[in-house]
file start-v5.cif (mmCIF, C-alpha atoms)
data_upload
loop_
_atom_site.label_atom_id
_atom_site.label_comp_id
_atom_site.auth_asym_id
_atom_site.auth_seq_id
_atom_site.Cartn_x
_atom_site.Cartn_y
_atom_site.Cartn_z
CA MET A 1 3.57 68.78 -76.71
CA GLY A 2 7.20 69.34 -77.67
CA ALA A 3 7.90 65.63 -77.40
CA THR A 4 5.30 64.63 -80.00
CA PRO A 5 6.60 63.76 -83.45
CA VAL A 6 4.25 66.00 -85.42
CA PHE A 7 4.13 69.20 -83.36
CA GLU A 8 7.54 69.17 -81.71
CA LEU A 9 8.95 72.61 -80.99
CA ARG A 10 7.01 74.26 -83.83
CA GLY A 11 3.73 73.60 -82.05
CA ALA A 12 4.85 73.76 -78.44
CA ILE A 13 6.18 77.33 -78.41
CA PRO A 14 3.12 79.04 -79.93
CA VAL A 15 0.76 77.04 -77.70
CA ALA A 16 2.83 77.78 -74.59
CA LEU A 17 2.88 81.50 -75.39
CA ALA A 18 -0.71 81.97 -76.56
CA ALA A 19 -2.77 79.36 -74.72
CA PHE A 20 -0.85 79.02 -71.46
CA SER A 21 0.65 82.53 -71.21
CA PHE A 22 4.17 81.22 -70.56
CA SER A 23 6.99 83.73 -70.62
CA LEU A 24 9.18 83.40 -73.72
CA PRO A 25 12.19 81.89 -71.88
CA ARG A 26 9.95 79.38 -70.10
CA ALA A 27 8.21 78.41 -73.35
CA ILE A 28 11.54 77.92 -75.12
CA TYR A 29 13.04 75.98 -72.22
CA PHE A 30 10.18 73.50 -71.90
CA SER A 31 9.76 73.16 -75.67
CA ILE A 32 13.44 72.33 -76.20
CA LEU A 33 13.47 70.01 -73.20
CA GLY A 34 10.35 68.24 -74.41
CA ASN A 35 11.71 67.97 -77.92
CA LEU A 36 15.05 66.56 -76.73
CA LEU A 37 13.56 63.94 -74.38
CA PRO A 38 12.69 61.40 -77.10
CA VAL A 39 16.04 61.66 -78.91
CA PRO A 40 18.14 59.36 -76.68
CA ILE A 41 15.19 56.98 -76.40
CA LEU A 42 14.95 56.82 -80.18
CA PHE A 43 18.68 56.14 -80.47
CA ILE A 44 18.37 53.24 -78.04
CA PHE A 45 15.10 51.63 -79.07
CA LEU A 46 14.64 52.19 -82.81
CA PRO A 47 17.56 49.98 -83.86
CA MET A 48 16.32 47.33 -81.42
CA LEU A 49 12.79 47.58 -82.84
CA SER A 50 14.10 47.32 -86.38
CA ASP A 51 16.15 44.23 -85.50
CA TYR A 52 13.23 42.64 -83.68
CA LEU A 53 10.80 43.21 -86.55
CA SER A 54 13.33 41.89 -89.05
CA GLU A 55 13.85 38.73 -87.01
CA LYS A 56 10.19 38.03 -86.31
CA PHE A 57 8.54 39.04 -89.59
CA TYR A 58 9.94 38.12 -92.98
CA LEU A 59 7.99 40.87 -94.77
CA ALA A 60 9.34 43.49 -92.34
CA LYS A 61 12.86 42.22 -92.99
CA ILE A 62 12.42 42.62 -96.75
CA ILE A 63 10.89 46.10 -96.47
CA LEU A 64 13.39 47.42 -93.91
CA ASN A 65 16.36 46.01 -95.79
CA LYS A 66 15.14 47.58 -99.02
CA ILE A 67 14.58 50.98 -97.42
CA PHE A 68 17.89 50.95 -95.55
CA THR A 69 19.92 49.63 -98.48
CA GLN A 70 18.50 52.12 -100.99
CA ALA A 71 18.86 55.12 -98.72
CA ARG A 72 22.37 54.20 -97.64
CA SER A 73 23.58 53.45 -101.18
CA ARG A 74 22.30 56.78 -102.47
CA HIS A 75 23.36 59.09 -99.67
CA THR A 76 26.08 57.50 -97.53
CA ASN A 77 28.91 59.54 -99.09
CA LYS A 78 27.10 62.78 -98.30
CA PHE A 79 26.41 61.78 -94.72
CA ASP A 80 29.94 60.52 -94.16
CA ASN A 81 31.22 64.03 -94.92
CA TRP A 82 28.34 66.28 -93.85
CA GLY A 83 26.22 64.19 -91.47
CA ALA A 84 26.12 66.46 -88.42
CA VAL A 85 25.71 69.60 -90.55
CA VAL A 86 22.78 68.04 -92.41
CA LEU A 87 21.18 67.07 -89.10
CA PHE A 88 21.64 70.62 -87.79
CA PHE A 89 19.85 72.15 -90.80
CA LEU A 90 17.20 69.43 -90.80
CA VAL A 91 16.23 70.54 -87.31
CA ALA A 92 17.00 74.27 -87.57
CA VAL A 93 14.73 74.99 -90.52
CA PRO A 94 11.21 74.81 -89.06
CA VAL A 95 9.21 73.29 -91.89
CA PRO A 96 6.83 70.31 -91.80
CA LEU A 97 8.43 66.86 -91.49
CA THR A 98 11.68 68.22 -90.11
CA GLY A 99 12.76 68.29 -86.50
CA ALA A 100 14.41 66.23 -83.81
CA TRP A 101 12.39 63.07 -84.56
CA THR A 102 13.27 63.14 -88.27
CA ALA A 103 16.90 63.99 -87.55
CA SER A 104 17.10 61.09 -85.10
CA LEU A 105 15.72 58.72 -87.72
CA VAL A 106 18.20 60.01 -90.29
CA ALA A 107 21.09 59.69 -87.83
CA ILE A 108 20.14 56.10 -87.08
CA LEU A 109 19.62 55.27 -90.75
CA PHE A 110 23.03 56.62 -91.77
CA ARG A 111 24.80 55.45 -88.61
CA ILE A 112 25.82 58.89 -87.43
CA PRO A 113 27.02 58.32 -83.87
CA PRO A 114 25.04 59.94 -81.04
CA ARG A 115 28.12 61.90 -79.88
CA LYS A 116 27.94 63.81 -83.20
CA SER A 117 24.24 63.77 -83.90
CA ILE A 118 22.76 64.76 -80.53
CA PRO A 119 24.73 68.05 -80.29
CA ALA A 120 23.78 68.85 -83.91
CA ILE A 121 20.13 68.20 -83.09
CA PHE A 122 20.37 70.33 -79.92
CA PHE A 123 21.91 73.33 -81.69
CA GLY A 124 19.38 72.95 -84.51
CA LEU A 125 16.63 73.11 -81.90
CA LEU A 126 18.07 76.35 -80.52
CA VAL A 127 17.96 77.98 -83.96
CA SER A 128 14.51 76.61 -84.66
CA ALA A 129 13.28 77.88 -81.29
CA ALA A 130 14.55 81.37 -82.09
CA ILE A 131 12.79 81.37 -85.47
CA ILE A 132 9.51 79.99 -84.12
CA SER A 133 9.61 82.38 -81.16
CA ALA A 134 10.05 85.39 -83.42
CA ILE A 135 7.20 84.27 -85.66
CA SER A 136 4.96 83.48 -82.69
CA ILE A 137 5.58 86.79 -80.97
CA GLY A 138 4.89 88.64 -84.22
CA ILE A 139 1.62 86.83 -84.80
CA ILE A 140 0.50 87.18 -81.16
CA ALA A 141 1.27 90.93 -81.33
CA LEU A 142 -1.07 91.25 -84.31
CA PHE A 143 -3.97 89.94 -82.27
#

call {"tool": "encode", "arguments": {"input": "start-v5.cif", "output": "structure tokens"}}
result
Amino acid sequence: MGATPVFELRGAIPVALAAFSFSLPRAIYFSILGNLLPVPILFIFLPMLSDYLSEKFYLAKIILNKIFTQARSRHTNKFDNWGAVVLFFLVAVPVPLTGAWTASLVAILFRIPPRKSIPAIFFGLLVSAAIISAISIGIIALF
């Protein structure tokens, strides 16, 4: 469940604790592991997929170029200076549409190298896991 783009760690930890009665360390371990598994795969295959779609489909080329060009022109200066820090907070704050998948997409979009982005994503996951664990334990204790 931690490897899925919607639930990620935010869904995996509560489910592991409540539904499967995992211990907290085990729930955190498997949730982080599951959430990290897709990251290197995304770094390898998303640029290849983007290139393939751009080569094979003219409409995809226009759409992808527009998206990439606009995003890069607006935010490249910020990501050149603060890229890894932004990725860390993008993952660490457990709100909808943030997490390892989104951070990976942002890293690829702004060409933040994996040697900088993957550690930022990992440490963001640790913080997010701590926050989600505390919330989950509190809610489980109420019931």

call {"tool": "resolve_selection", "arguments": {"input": "start-v5.cif", "expression": "the PyMOL selection byres ((chain A and resi 86) around 10)", "output": "list in words"}}
result
Lys78, Phe79, Asn81, Trp82, Gly83, Ala84, Val85, Leu87, Phe88, Phe89, Leu90, Val91, Ala92, Ala103, Val106, Ala107, Ser117, Ala120, Ile121 and Gly124 of chain A

call {"tool": "atom_distance", "arguments": {"input": "start-v5.cif", "atom1": "CA of Phe57 (chain A)", "atom2": "CA of Thr98 (chain A)"}}
result
29.4 Å

call {"tool": "closest_residue", "arguments": {"input": "start-v5.cif", "among": "A:Ala100, A:Leu49, A:Ile132, A:Ile137", "to": "Leu64 (chain A)", "atoms": "all atoms listed in the file"}}
result
A:Leu49

call {"tool": "residues_around", "arguments": {"input": "start-v5.cif", "residues": "Phe68 (chain A)", "least_positions_apart": "4", "cutoff": "10 Å", "atoms": "all atoms listed in the file", "output": "compact mmCIF listing (two decimals) with C-alpha atoms, in the coordinates of the input"}}
result
# COMPACT_ATOMS: atom_id res chain seq x y z
CA ILE A 63 10.89 46.10 -96.47
CA LEU A 64 13.39 47.42 -93.91
CA ARG A 72 22.37 54.20 -97.64
CA SER A 73 23.58 53.45 -101.18
CA LEU A 109 19.62 55.27 -90.75
CA PHE A 110 23.03 56.62 -91.77

call {"tool": "axis_aligned_box", "arguments": {"input": "start-v5.cif", "around": "region 79-82 of chain A", "padding_each_side": "6 Å", "output": "lines of an AutoDock Vina configuration file"}}
result
center_x = 28.8
center_y = 63.4
center_z = -94.4
size_x = 16.8
size_y = 17.8
size_z = 13.1

call {"tool": "closest_residue", "arguments": {"input": "start-v5.cif", "among": "A:Phe43, A:Ala141, A:Lys116, A:Ser133", "to": "Val15 (chain A)", "atoms": "all atoms listed in the file"}}
result
A:Ser133
